[in-house]
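Pasting protein09.pdb here (PDB, C-alpha atoms and all ligand atoms):
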```
ATOM      1  CA  MET A   1     117.776  76.549  80.413
ATOM      2  CA  ASP A   2     119.478  79.647  79.026
ATOM      3  CA  LEU A   3     116.714  82.208  79.573
ATOM      4  CA  LYS A   4     117.815  85.014  77.234
ATOM      5  CA  GLY A   5     115.445  85.332  74.274
ATOM      6  CA  ARG A   6     112.873  82.924  75.723
ATOM      7  CA  THR A   7     109.204  83.856  76.060
ATOM      8  CA  ALA A   8     107.172  83.680  79.267
ATOM      9  CA  VAL A   9     103.468  84.210  79.992
ATOM     10  CA  ILE A  10     102.608  85.192  83.561
ATOM     11  CA  THR A  11      99.081  85.336  84.965
ATOM     12  CA  GLY A  12      98.315  87.672  87.862
ATOM     13  CA  ALA A  13     101.174  89.935  86.778
ATOM     14  CA  SER A  14      99.613  93.277  87.765
ATOM     15  CA  SER A  15     100.994  93.087  91.322
ATOM     16  CA  GLY A  16     102.885  91.012  93.866
ATOM     17  CA  ILE A  17     104.679  87.794  92.998
ATOM     18  CA  GLY A  18     103.520  87.760  89.348
ATOM     19  CA  LEU A  19     104.775  91.278  88.726
ATOM     20  CA  ALA A  20     108.081  90.526  90.483
ATOM     21  CA  CYS A  21     108.534  87.418  88.301
ATOM     22  CA  ALA A  22     107.827  89.459  85.149
ATOM     23  CA  GLU A  23     110.341  92.135  86.135
ATOM     24  CA  HIS A  24     113.086  89.660  87.099
ATOM     25  CA  LEU A  25     112.601  87.630  83.913
ATOM     26  CA  ALA A  26     112.550  90.736  81.689
ATOM     27  CA  ARG A  27     115.821  91.903  83.270
ATOM     28  CA  GLY A  28     117.266  88.493  82.333
ATOM     29  CA  GLY A  29     116.345  89.009  78.645
ATOM     30  CA  VAL A  30     113.089  87.019  78.648
ATOM     31  CA  ASN A  31     110.169  88.337  76.552
ATOM     32  CA  VAL A  32     107.269  88.601  78.971
ATOM     33  CA  VAL A  33     103.515  88.643  78.414
ATOM     34  CA  LEU A  34     101.655  89.909  81.467
ATOM     35  CA  GLY A  35      98.024  88.987  82.123
ATOM     36  CA  ALA A  36      95.561  90.210  84.794
ATOM     37  CA  ARG A  37      92.330  92.225  85.021
ATOM     38  CA  ARG A  38      93.667  95.680  85.973
ATOM     39  CA  SER A  39      94.854  97.024  82.605
ATOM     40  CA  ASP A  40      96.212 100.276  84.040
ATOM     41  CA  LEU A  41      98.662  98.405  86.288
ATOM     42  CA  LEU A  42      99.656  96.057  83.474
ATOM     43  CA  ASP A  43     100.274  98.960  81.073
ATOM     44  CA  ALA A  44     102.396 100.766  83.664
ATOM     45  CA  ALA A  45     104.457  97.607  84.278
ATOM     46  CA  VAL A  46     104.981  97.049  80.548
ATOM     47  CA  ALA A  47     106.067 100.678  80.103
ATOM     48  CA  ARG A  48     108.634 100.317  82.931
ATOM     49  CA  ILE A  49     110.002  97.075  81.472
ATOM     50  CA  ARG A  50     110.291  98.584  77.970
ATOM     51  CA  ASP A  51     111.944 101.738  79.334
ATOM     52  CA  ALA A  52     114.542  99.511  80.950
ATOM     53  CA  GLY A  53     115.208  97.834  77.560
ATOM     54  CA  GLY A  54     113.034  94.742  78.035
ATOM     55  CA  ARG A  55     110.357  93.268  75.764
ATOM     56  CA  ALA A  56     106.871  93.030  77.238
ATOM     57  CA  GLU A  57     103.192  92.884  76.298
ATOM     58  CA  ALA A  58     100.071  93.359  78.412
ATOM     59  CA  VAL A  59      96.817  91.465  77.922
ATOM     60  CA  THR A  60      93.718  92.110  80.026
ATOM     61  CA  VAL A  61      92.408  88.721  81.139
ATOM     62  CA  ASP A  62      90.201  87.099  83.695
ATOM     63  CA  VAL A  63      91.708  83.650  84.294
ATOM     64  CA  THR A  64      88.287  82.168  85.061
ATOM     65  CA  ARG A  65      87.515  82.504  81.318
ATOM     66  CA  GLU A  66      89.324  79.904  79.217
ATOM     67  CA  GLU A  67      89.043  82.060  76.075
ATOM     68  CA  ASP A  68      90.917  84.870  77.870
ATOM     69  CA  VAL A  69      93.760  82.559  78.866
ATOM     70  CA  THR A  70      93.952  81.118  75.344
ATOM     71  CA  ARG A  71      94.157  84.686  73.985
ATOM     72  CA  LEU A  72      96.947  85.482  76.460
ATOM     73  CA  VAL A  73      99.065  82.575  75.242
ATOM     74  CA  GLY A  74      98.149  83.440  71.639
ATOM     75  CA  ARG A  75      99.627  86.920  72.154
ATOM     76  CA  ALA A  76     102.971  85.372  73.143
ATOM     77  CA  GLN A  77     103.007  83.359  69.929
ATOM     78  CA  GLU A  78     101.949  86.288  67.712
ATOM     79  CA  THR A  79     104.337  88.823  69.222
ATOM     80  CA  PHE A  80     107.349  86.743  70.200
ATOM     81  CA  GLY A  81     106.937  83.656  68.003
ATOM     82  CA  GLY A  82     106.395  81.021  70.686
ATOM     83  CA  LEU A  83     106.113  80.071  74.325
ATOM     84  CA  ASP A  84     108.787  78.558  76.570
ATOM     85  CA  ILE A  85     107.539  79.350  80.066
ATOM     86  CA  MET A  86     104.011  79.460  81.499
ATOM     87  CA  ILE A  87     103.639  80.827  85.030
ATOM     88  CA  CYS A  88     100.174  80.266  86.552
ATOM     89  CA  ASN A  89     100.175  82.684  89.462
ATOM     90  CA  ALA A  90      96.816  84.536  89.599
ATOM     91  CA  GLY A  91      95.072  83.896  92.875
ATOM     92  CA  PHE A  92      93.417  85.278  95.974
ATOM     93  CA  GLY A  93      92.785  84.190  99.546
ATOM     94  CA  TYR A  94      89.885  84.082 101.955
ATOM     95  CA  TYR A  95      90.072  83.996 105.747
ATOM     96  CA  GLY A  96      87.246  82.547 107.838
ATOM     97  CA  THR A  97      85.756  79.373 109.265
ATOM     98  CA  VAL A  98      84.056  76.960 106.916
ATOM     99  CA  GLU A  99      80.624  78.250 108.051
ATOM    100  CA  GLU A 100      81.767  81.774 107.199
ATOM    101  CA  THR A 101      82.843  80.689 103.691
ATOM    102  CA  PRO A 102      79.897  81.172 101.304
ATOM    103  CA  PRO A 103      79.688  78.438  98.644
ATOM    104  CA  ASP A 104      79.632  80.973  95.775
ATOM    105  CA  LEU A 105      82.844  82.500  97.139
ATOM    106  CA  MET A 106      84.396  79.031  97.376
ATOM    107  CA  HIS A 107      83.428  78.369  93.740
ATOM    108  CA  ARG A 108      85.003  81.664  92.728
ATOM    109  CA  MET A 109      88.240  80.895  94.619
ATOM    110  CA  MET A 110      88.463  77.479  92.984
ATOM    111  CA  ASP A 111      87.784  79.096  89.602
ATOM    112  CA  VAL A 112      90.594  81.634  89.948
ATOM    113  CA  ASN A 113      93.186  79.619  91.881
ATOM    114  CA  PHE A 114      92.699  76.202  90.331
ATOM    115  CA  MET A 115      90.683  76.542  87.100
ATOM    116  CA  GLY A 116      92.887  79.488  86.080
ATOM    117  CA  THR A 117      95.870  77.136  86.479
ATOM    118  CA  PHE A 118      94.059  74.413  84.543
ATOM    119  CA  TYR A 119      93.241  76.773  81.649
ATOM    120  CA  GLY A 120      96.822  78.086  81.585
ATOM    121  CA  THR A 121      98.139  74.546  81.379
ATOM    122  CA  ARG A 122      95.653  73.594  78.663
ATOM    123  CA  ALA A 123      96.744  76.585  76.605
ATOM    124  CA  ALA A 124     100.489  75.971  77.060
ATOM    125  CA  PHE A 125     100.768  72.204  76.778
ATOM    126  CA  PRO A 126      99.899  71.758  73.090
ATOM    127  CA  ILE A 127     102.829  74.090  72.362
ATOM    128  CA  PHE A 128     105.194  72.373  74.826
ATOM    129  CA  ARG A 129     104.174  68.932  73.576
ATOM    130  CA  ALA A 130     104.747  69.883  69.910
ATOM    131  CA  GLN A 131     108.146  71.485  70.522
ATOM    132  CA  LYS A 132     109.057  68.784  73.109
ATOM    133  CA  SER A 133     110.150  71.422  75.609
ATOM    134  CA  GLY A 134     108.761  74.039  77.948
ATOM    135  CA  HIS A 135     108.428  74.845  81.618
ATOM    136  CA  LEU A 136     105.172  75.182  83.550
ATOM    137  CA  ILE A 137     105.455  76.929  86.913
ATOM    138  CA  LEU A 138     102.517  76.870  89.336
ATOM    139  CA  ILE A 139     102.533  79.363  92.198
ATOM    140  CA  SER A 140     100.863  77.382  94.959
ATOM    141  CA  SER A 141     101.490  78.031  98.684
ATOM    142  CA  ILE A 142     103.016  76.320 101.699
ATOM    143  CA  VAL A 143      99.391  75.797 102.851
ATOM    144  CA  ALA A 144      99.099  73.209 100.048
ATOM    145  CA  LYS A 145     101.539  71.083 102.028
ATOM    146  CA  ARG A 146     100.015  71.885 105.376
ATOM    147  CA  GLY A 147      96.650  73.633 105.689
ATOM    148  CA  ILE A 148      96.237  76.368 108.280
ATOM    149  CA  ALA A 149      93.330  77.318 110.532
ATOM    150  CA  GLN A 150      90.596  79.569 109.071
ATOM    151  CA  MET A 151      91.929  79.116 105.530
ATOM    152  CA  SER A 152      90.501  75.680 104.731
ATOM    153  CA  GLY A 153      88.960  76.705 101.404
ATOM    154  CA  TYR A 154      92.054  78.554 100.231
ATOM    155  CA  SER A 155      94.354  75.716 101.367
ATOM    156  CA  ALA A 156      92.237  73.271  99.329
ATOM    157  CA  THR A 157      92.616  75.346  96.125
ATOM    158  CA  LYS A 158      96.394  75.456  96.599
ATOM    159  CA  ALA A 159      96.587  71.701  97.296
ATOM    160  CA  ALA A 160      94.611  71.124  94.083
ATOM    161  CA  GLN A 161      97.326  72.936  92.110
ATOM    162  CA  SER A 162     100.023  70.851  93.767
ATOM    163  CA  ALA A 163      98.361  67.480  93.073
ATOM    164  CA  PHE A 164      97.662  68.575  89.484
ATOM    165  CA  ALA A 165     101.360  69.372  88.997
ATOM    166  CA  GLU A 166     102.518  66.049  90.448
ATOM    167  CA  SER A 167     100.333  64.155  88.023
ATOM    168  CA  LEU A 168     101.500  66.196  85.022
ATOM    169  CA  ARG A 169     105.130  65.734  86.055
ATOM    170  CA  SER A 170     104.804  62.005  85.965
ATOM    171  CA  GLU A 171     103.355  62.211  82.436
ATOM    172  CA  PHE A 172     106.420  64.125  81.234
ATOM    173  CA  ALA A 173     109.100  62.531  83.445
ATOM    174  CA  GLY A 174     112.436  62.280  81.670
ATOM    175  CA  SER A 175     111.470  64.759  78.923
ATOM    176  CA  ALA A 176     112.361  68.431  78.436
ATOM    177  CA  VAL A 177     108.848  69.476  79.499
ATOM    178  CA  HIS A 178     109.214  70.551  83.125
ATOM    179  CA  VAL A 179     106.512  71.166  85.725
ATOM    180  CA  SER A 180     107.404  72.915  88.983
ATOM    181  CA  THR A 181     105.294  73.891  91.974
ATOM    182  CA  VAL A 182     106.323  76.857  94.105
ATOM    183  CA  PHE A 183     105.343  76.919  97.787
ATOM    184  CA  PRO A 184     105.767  80.470  99.133
ATOM    185  CA  ILE A 185     105.201  81.288 102.788
ATOM    186  CA  SER A 186     103.590  84.592 103.839
ATOM    187  CA  THR A 187     104.794  87.197 101.335
ATOM    188  CA  GLU A 188     104.367  90.973 101.455
ATOM    189  CA  THR A 189     102.188  91.661  98.367
ATOM    190  CA  GLU A 190      98.640  92.927  97.759
ATOM    191  CA  PHE A 191      97.331  89.526  98.924
ATOM    192  CA  ARG A 192      96.287  90.714 102.406
ATOM    193  CA  HIS A 193      95.035  94.061 101.060
ATOM    194  CA  ALA A 194      92.882  92.242  98.466
ATOM    195  CA  MET A 195      91.247  90.224 101.292
ATOM    196  CA  GLU A 196      90.617  93.443 103.186
ATOM    197  CA  ARG A 197      89.308  95.229 100.065
ATOM    198  CA  ASP A 198      87.053  92.401  98.862
ATOM    199  CA  PHE A 199      85.914  90.789 102.119
ATOM    200  CA  GLY A 200      86.720  93.238 104.906
ATOM    201  CA  HIS A 201      89.137  90.768 106.538
ATOM    202  CA  SER A 202      92.105  92.404 108.131
ATOM    203  CA  VAL A 203      94.486  89.487 108.590
ATOM    204  CA  SER A 204      98.144  89.289 109.460
ATOM    205  CA  GLY A 205     100.615  86.406 109.287
ATOM    206  CA  LEU A 206     102.324  85.534 112.567
ATOM    207  CA  GLY A 207     105.204  83.379 111.341
ATOM    208  CA  PRO A 208     108.222  84.078 109.141
ATOM    209  CA  LYS A 209     107.803  86.170 105.985
ATOM    210  CA  GLN A 210     109.649  86.647 102.717
ATOM    211  CA  SER A 211     109.694  89.296 100.013
ATOM    212  CA  MET A 212     108.152  88.932  96.565
ATOM    213  CA  ASP A 213     111.683  89.360  95.162
ATOM    214  CA  ASP A 214     112.790  86.274  97.120
ATOM    215  CA  VAL A 215     109.988  84.307  95.463
ATOM    216  CA  ALA A 216     110.793  85.706  91.994
ATOM    217  CA  LYS A 217     114.491  84.860  92.410
ATOM    218  CA  ALA A 218     113.580  81.300  93.405
ATOM    219  CA  VAL A 219     111.371  81.028  90.288
ATOM    220  CA  VAL A 220     114.167  82.270  88.011
ATOM    221  CA  ALA A 221     116.635  79.823  89.618
ATOM    222  CA  CYS A 222     114.163  76.975  89.012
ATOM    223  CA  LEU A 223     113.781  77.969  85.356
ATOM    224  CA  ARG A 224     117.563  77.912  84.927
ATOM    225  CA  ARG A 225     117.860  74.568  86.698
ATOM    226  CA  PRO A 226     114.459  72.819  86.764
ATOM    227  CA  ARG A 227     113.300  71.269  90.020
ATOM    228  CA  PRO A 228     109.927  69.683  90.826
ATOM    229  CA  GLU A 229     109.286  71.690  94.003
ATOM    230  CA  VAL A 230     110.488  75.123  95.081
ATOM    231  CA  TYR A 231     110.445  76.400  98.666
ATOM    232  CA  PRO A 232     111.547  80.043  98.415
ATOM    233  CA  HIS A 233     111.867  80.107 102.212
ATOM    234  CA  ARG A 234     114.195  77.150 102.739
ATOM    235  CA  LEU A 235     113.100  76.190 106.258
ATOM    236  CA  SER A 236     109.468  75.870 105.146
ATOM    237  CA  ARG A 237     110.295  72.541 103.463
ATOM    238  CA  ALA A 238     110.707  71.180 107.008
ATOM    239  CA  LEU A 239     107.025  71.908 107.683
ATOM    240  CA  ALA A 240     105.986  69.479 104.941
ATOM    241  CA  ILE A 241     108.288  66.819 106.382
ATOM    242  CA  ILE A 242     107.208  67.347 110.010
ATOM    243  CA  ASN A 243     103.558  67.211 108.929
ATOM    244  CA  ALA A 244     104.104  63.863 107.196
ATOM    245  CA  VAL A 245     105.553  62.263 110.341
ATOM    246  CA  ALA A 246     103.737  64.158 113.129
ATOM    247  CA  PRO A 247     100.423  65.654 111.918
ATOM    248  CA  SER A 248      98.961  66.266 115.416
ATOM    249  CA  PHE A 249     102.051  68.117 116.564
ATOM    250  CA  THR A 250     101.903  70.159 113.325
ATOM    251  CA  ASP A 251      98.238  71.063 113.994
ATOM    252  CA  ARG A 252      99.423  72.955 117.084
ATOM    253  CA  LEU A 253     102.492  74.395 115.371
ATOM    254  CA  VAL A 254     100.539  75.975 112.496
ATOM    255  CA  THR A 255      97.922  77.338 114.892
ATOM    256  CA  LYS A 256     100.715  79.284 116.562
ATOM    257  CA  TYR A 257     102.256  80.533 113.310
ATOM    258  CA  GLY A 258      99.272  80.749 110.917
ATOM    259  CA  ARG A 259      97.314  83.869 109.976
ATOM    260  CA  ARG A 260      95.194  85.758 112.494
ATOM    261  CA  ARG A 261      92.367  88.230 112.115
ATOM    262  CA  LYS A 262      93.380  91.582 113.531
ATOM    263  CA  VAL A 263      91.517  92.643 116.667
ATOM    264  CA  GLY A 264      88.381  94.595 115.751
ATOM    265  CA  ALA A 265      88.356  93.370 112.117
TER
HETATM  266  N1  LIG A 301     101.174  86.744  99.528
HETATM  267  C1  LIG A 301     101.235  85.587 100.160
HETATM  268  O1  LIG A 301     101.374  85.539 101.408
HETATM  269  C2  LIG A 301     101.202  84.295  99.366
HETATM  270  C3  LIG A 301     101.719  83.139  99.980
HETATM  271  C4  LIG A 301     101.687  81.947  99.264
HETATM  272  C5  LIG A 301     101.162  81.902  97.985
HETATM  273  N2  LIG A 301     100.654  83.043  97.410
HETATM  274  C6  LIG A 301     100.098  82.932  96.059
HETATM  275  O2  LIG A 301     100.806  83.804  95.203
HETATM  276  C7  LIG A 301      99.965  84.135  94.081
HETATM  277  C8  LIG A 301     100.077  85.638  93.810
HETATM  278  O3  LIG A 301      99.546  86.338  94.921
HETATM  279  P1  LIG A 301     100.244  87.634  95.531
HETATM  280  O4  LIG A 301     100.637  87.322  96.913
HETATM  281  O5  LIG A 301     101.254  88.168  94.590
HETATM  282  O6  LIG A 301      98.969  88.596  95.675
HETATM  283  P2  LIG A 301      98.493  89.873  94.812
HETATM  284  O7  LIG A 301      99.537  90.939  94.903
HETATM  285  O8  LIG A 301      97.134  90.167  95.306
HETATM  286  O9  LIG A 301      98.448  89.331  93.319
HETATM  287  C9  LIG A 301      97.389  88.550  92.823
HETATM  288  C10 LIG A 301      97.361  88.690  91.316
HETATM  289  O10 LIG A 301      96.336  87.829  90.807
HETATM  290  C11 LIG A 301      95.562  88.595  89.882
HETATM  291  N3  LIG A 301      94.203  88.067  89.776
HETATM  292  C12 LIG A 301      93.298  87.871  90.764
HETATM  293  N4  LIG A 301      92.146  87.410  90.254
HETATM  294  C13 LIG A 301      92.326  87.307  88.908
HETATM  295  C14 LIG A 301      91.513  86.895  87.830
HETATM  296  N5  LIG A 301      90.249  86.465  88.012
HETATM  297  N6  LIG A 301      92.028  86.922  86.574
HETATM  298  C15 LIG A 301      93.283  87.368  86.357
HETATM  299  N7  LIG A 301      94.116  87.750  87.337
HETATM  300  C16 LIG A 301      93.633  87.729  88.597
HETATM  301  C17 LIG A 301      95.590  90.033  90.421
HETATM  302  O11 LIG A 301      95.419  90.957  89.361
HETATM  303  P3  LIG A 301      94.065  91.745  88.988
HETATM  304  O12 LIG A 301      93.377  92.095  90.286
HETATM  305  O13 LIG A 301      94.580  92.935  88.240
HETATM  306  O14 LIG A 301      93.286  90.806  88.133
HETATM  307  C18 LIG A 301      97.050  90.100  90.881
HETATM  308  O15 LIG A 301      97.895  90.449  89.804
HETATM  309  C19 LIG A 301      98.555  83.679  94.428
HETATM  310  O16 LIG A 301      98.249  82.513  93.713
HETATM  311  C20 LIG A 301      98.631  83.376  95.922
HETATM  312  O17 LIG A 301      97.755  82.358  96.288
HETATM  313  C21 LIG A 301     100.676  84.241  98.081
END
```
If you convert what's in this file into structure tokens, what do you get?
Ligand SMILES: NC(=O)c1ccc[n+]([C@@H]2O[C@H](COP(=O)([O-])OP(=O)(O)OC[C@H]3O[C@@H](n4cnc5c(N)ncnc54)[C@H](OP(=O)(O)O)[C@@H]3O)[C@@H](O)[C@H]2O)c1
Amino acid sequence: MDLKGRTAVITGASSGIGLACAEHLARGGVNVVLGARRSDLLDAAVARIRDAGGRAEAVTVDVTREEDVTRLVGRAQETFGGLDIMICNAGFGYYGTVEETPPDLMHRMMDVNFMGTFYGTRAAFPIFRAQKSGHLILISSIVAKRGIAQMSGYSATKAAQSAFAESLRSEFAGSAVHVSTVFPISTETEFRHAMERDFGHSVSGLGPKQSMDDVAKAVVACLRRPRPEVYPHRLSRALAIINAVAPSFTDRLVTKYGRRRKVGA
């Protein structure tokens, strides 16, 4: 896909991977519509993109509300005349054993991480179906392929996105409607800080890391040349393969390289 002049909606674009995607796409000539709850951060991002010559809009949304997500996509149509790319990225994590995971928190995480994706897809697909083209990108996580200790609830929400995408892909196989799932590994964003801010968990990743720019570059490359699955950290694809053939061995491997609560937290 030639990206210049296309229009993209990105959820969770006030920080981290979503913001990096918006900035990379805008630099490539894509009109971007940024959605999240923190309007001040969205407005600042839009101002930076416009100052640099890009075209951007900000919409304050909570992705757990379908009407908000519909309004977000509507803004892309009103302002830029259509929608070519939908990036469902908004999400948060929770660290703790299953007994430490309150059911209302689990509902909330499913609402943001999965239902937000579902609403984004429901808003975008009528447009993609009518124009017979479009690209849906879901920002999942490597933990969708292989869950890690103390993040069972989070891993489940990310696996839900991945299974959802596989099913959609088979519905549109062979057409110009593309569905891609992105599986980042530990990425330096506000993700850890949000867990600390909202739940008091101070958690650090022990294994390899990547930057949010690495993830954004992998997303842009996938938009240019669509692929079903994107592993921004190339070696992480091996984890999915090893898990399929040797799940017990992988149990021990991910325990060594998963996330850990910092001492005293
Ligand atoms: N960082 C990692 O290690 C990592 C690894 C693999 C996958 N991921 C995935 O990458 C995605 C982005 O996370 P990140 O790492 O970039 O973390 P982040 O910097 O904390 O970004 C999360 C974004 O989601 C938005 N968000 C949260 N709840 C929302 C809601 N109810 N409605 C609308 N927006 C909401 C936040 O904006 P507001 O607070 O302004 O609403 C923020 O823009 C997530 O889906 C996460 O699961 C992250």
Got a sec to resolve the PyMOL selection byres (((chain A and resi 146-153) around 6) and not hetatm) on this structure and send the residues as a PyMOL selection string?
chain A and resi 95-97+143-145+154-156+258
Take every atom of ligand LIG 301 (chain A) listed in the file, fit an axis-aligned box around them, add 8 Å per side, and give the centre and edge lengths in Å to one decimal as AutoDock Vina command-line options.
```
--center_x 96.0 --center_y 87.4 --center_z 93.9 --size_x 27.5 --size_y 27.0 --size_z 31.1
```
When you count all atoms listed in the file, which of these residues is closest to A:Gln77: A:His201, A:Arg6, A:Arg192, A:His178?
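Of A:His201, A:Arg6, A:Arg192, A:His178, the one nearest A:Gln77 is A:Arg6, counting all atoms listed in the file.
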Evaluate the PyMOL selection byres (((chain A and resi 253) around 12) and not hetatm) against this structure - the residues, as a PDB file with C-alpha atoms, in the coordinates of the input, please.
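After the write, expr32.pdb holds the following:
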```pdb
ATOM      1  CA  ARG A 146     100.015  71.885 105.376  1.00  0.00           C
ATOM      2  CA  GLY A 147      96.650  73.633 105.689  1.00  0.00           C
ATOM      3  CA  ILE A 148      96.237  76.368 108.280  1.00  0.00           C
ATOM      4  CA  ALA A 149      93.330  77.318 110.532  1.00  0.00           C
ATOM      5  CA  LEU A 206     102.324  85.534 112.567  1.00  0.00           C
ATOM      6  CA  GLY A 207     105.204  83.379 111.341  1.00  0.00           C
ATOM      7  CA  LEU A 239     107.025  71.908 107.683  1.00  0.00           C
ATOM      8  CA  ILE A 242     107.208  67.347 110.010  1.00  0.00           C
ATOM      9  CA  ASN A 243     103.558  67.211 108.929  1.00  0.00           C
ATOM     10  CA  ALA A 246     103.737  64.158 113.129  1.00  0.00           C
ATOM     11  CA  PRO A 247     100.423  65.654 111.918  1.00  0.00           C
ATOM     12  CA  SER A 248      98.961  66.266 115.416  1.00  0.00           C
ATOM     13  CA  PHE A 249     102.051  68.117 116.564  1.00  0.00           C
ATOM     14  CA  THR A 250     101.903  70.159 113.325  1.00  0.00           C
ATOM     15  CA  ASP A 251      98.238  71.063 113.994  1.00  0.00           C
ATOM     16  CA  ARG A 252      99.423  72.955 117.084  1.00  0.00           C
ATOM     17  CA  VAL A 254     100.539  75.975 112.496  1.00  0.00           C
ATOM     18  CA  THR A 255      97.922  77.338 114.892  1.00  0.00           C
ATOM     19  CA  LYS A 256     100.715  79.284 116.562  1.00  0.00           C
ATOM     20  CA  TYR A 257     102.256  80.533 113.310  1.00  0.00           C
ATOM     21  CA  GLY A 258      99.272  80.749 110.917  1.00  0.00           C
TER      22      GLY A 258
END
```
Counting all atoms listed in the file, name the residues that have an atom within 8 Å of an atom of ligand LIG 301 (chain A); the answer should be given as a PyMOL selection string.
chain A and resi 11-19+35-39+41-42+60-64+88-93+111-113+116+139-143+154+158+183-194+205+209+212
Written as a PDB file with C-alpha atoms, in the frame of the given file, what is the full residue list that the PyMOL selection byres (((chain A and resi 130) around 12) and not hetatm) yields on the file shown?
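Wrote it out as expr_8.pdb, contents follow:
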```
ATOM      1  CA  GLY A  82     106.395  81.021  70.686  1.00  0.00           C
ATOM      2  CA  LEU A  83     106.113  80.071  74.325  1.00  0.00           C
ATOM      3  CA  ASP A  84     108.787  78.558  76.570  1.00  0.00           C
ATOM      4  CA  ALA A 124     100.489  75.971  77.060  1.00  0.00           C
ATOM      5  CA  PHE A 125     100.768  72.204  76.778  1.00  0.00           C
ATOM      6  CA  PRO A 126      99.899  71.758  73.090  1.00  0.00           C
ATOM      7  CA  ILE A 127     102.829  74.090  72.362  1.00  0.00           C
ATOM      8  CA  PHE A 128     105.194  72.373  74.826  1.00  0.00           C
ATOM      9  CA  ARG A 129     104.174  68.932  73.576  1.00  0.00           C
ATOM     10  CA  GLN A 131     108.146  71.485  70.522  1.00  0.00           C
ATOM     11  CA  LYS A 132     109.057  68.784  73.109  1.00  0.00           C
ATOM     12  CA  SER A 133     110.150  71.422  75.609  1.00  0.00           C
ATOM     13  CA  GLY A 134     108.761  74.039  77.948  1.00  0.00           C
ATOM     14  CA  ALA A 176     112.361  68.431  78.436  1.00  0.00           C
ATOM     15  CA  VAL A 177     108.848  69.476  79.499  1.00  0.00           C
TER      16      VAL A 177
END
```
Which polymer residues have any atom within 10 Å of an atom of A:Met86, counting all atoms listed in the file, with same-chain residues fewer than 4 positions away left out, as a list in words?
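After dropping sequence-adjacent residues, the list is Thr7, Ala8, Val9, Ile10, Thr11, Val33, Val73, Thr117, Gly120, Thr121, Ala123, Ala124, Phe125, Phe128, Gly134, His135, Leu136, Ile137, Leu138 and Val179 of chain A.
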Please report the interatomic distance between atom CA of A:Tyr231 and atom CA of A:Glu196 in Å with one decimal.
26.5 Å
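Note that the spacing between atom CA of A:His233 and atom CA of A:Val215 amounts to 8.2 Å.
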Choose the residue, out of A:Asp40, A:Phe118, A:Leu105, A:Val32, that has the smallest atom-to-atom separation from A:Glu66; count all atoms listed in the file.
A:Phe118
Kindly give the distance, in Å, that separates atom CA of A:Val230 and atom CA of A:His24, rounded to a single decimal.
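Separating atom CA of A:Val230 from atom CA of A:His24 is a distance of 16.8 Å.
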Nearest residue to A:Val220 out of A:Met109, A:Ala58, A:Ala163, A:Val182, using all atoms listed in the file?
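The closest residue to A:Val220 is A:Val182.
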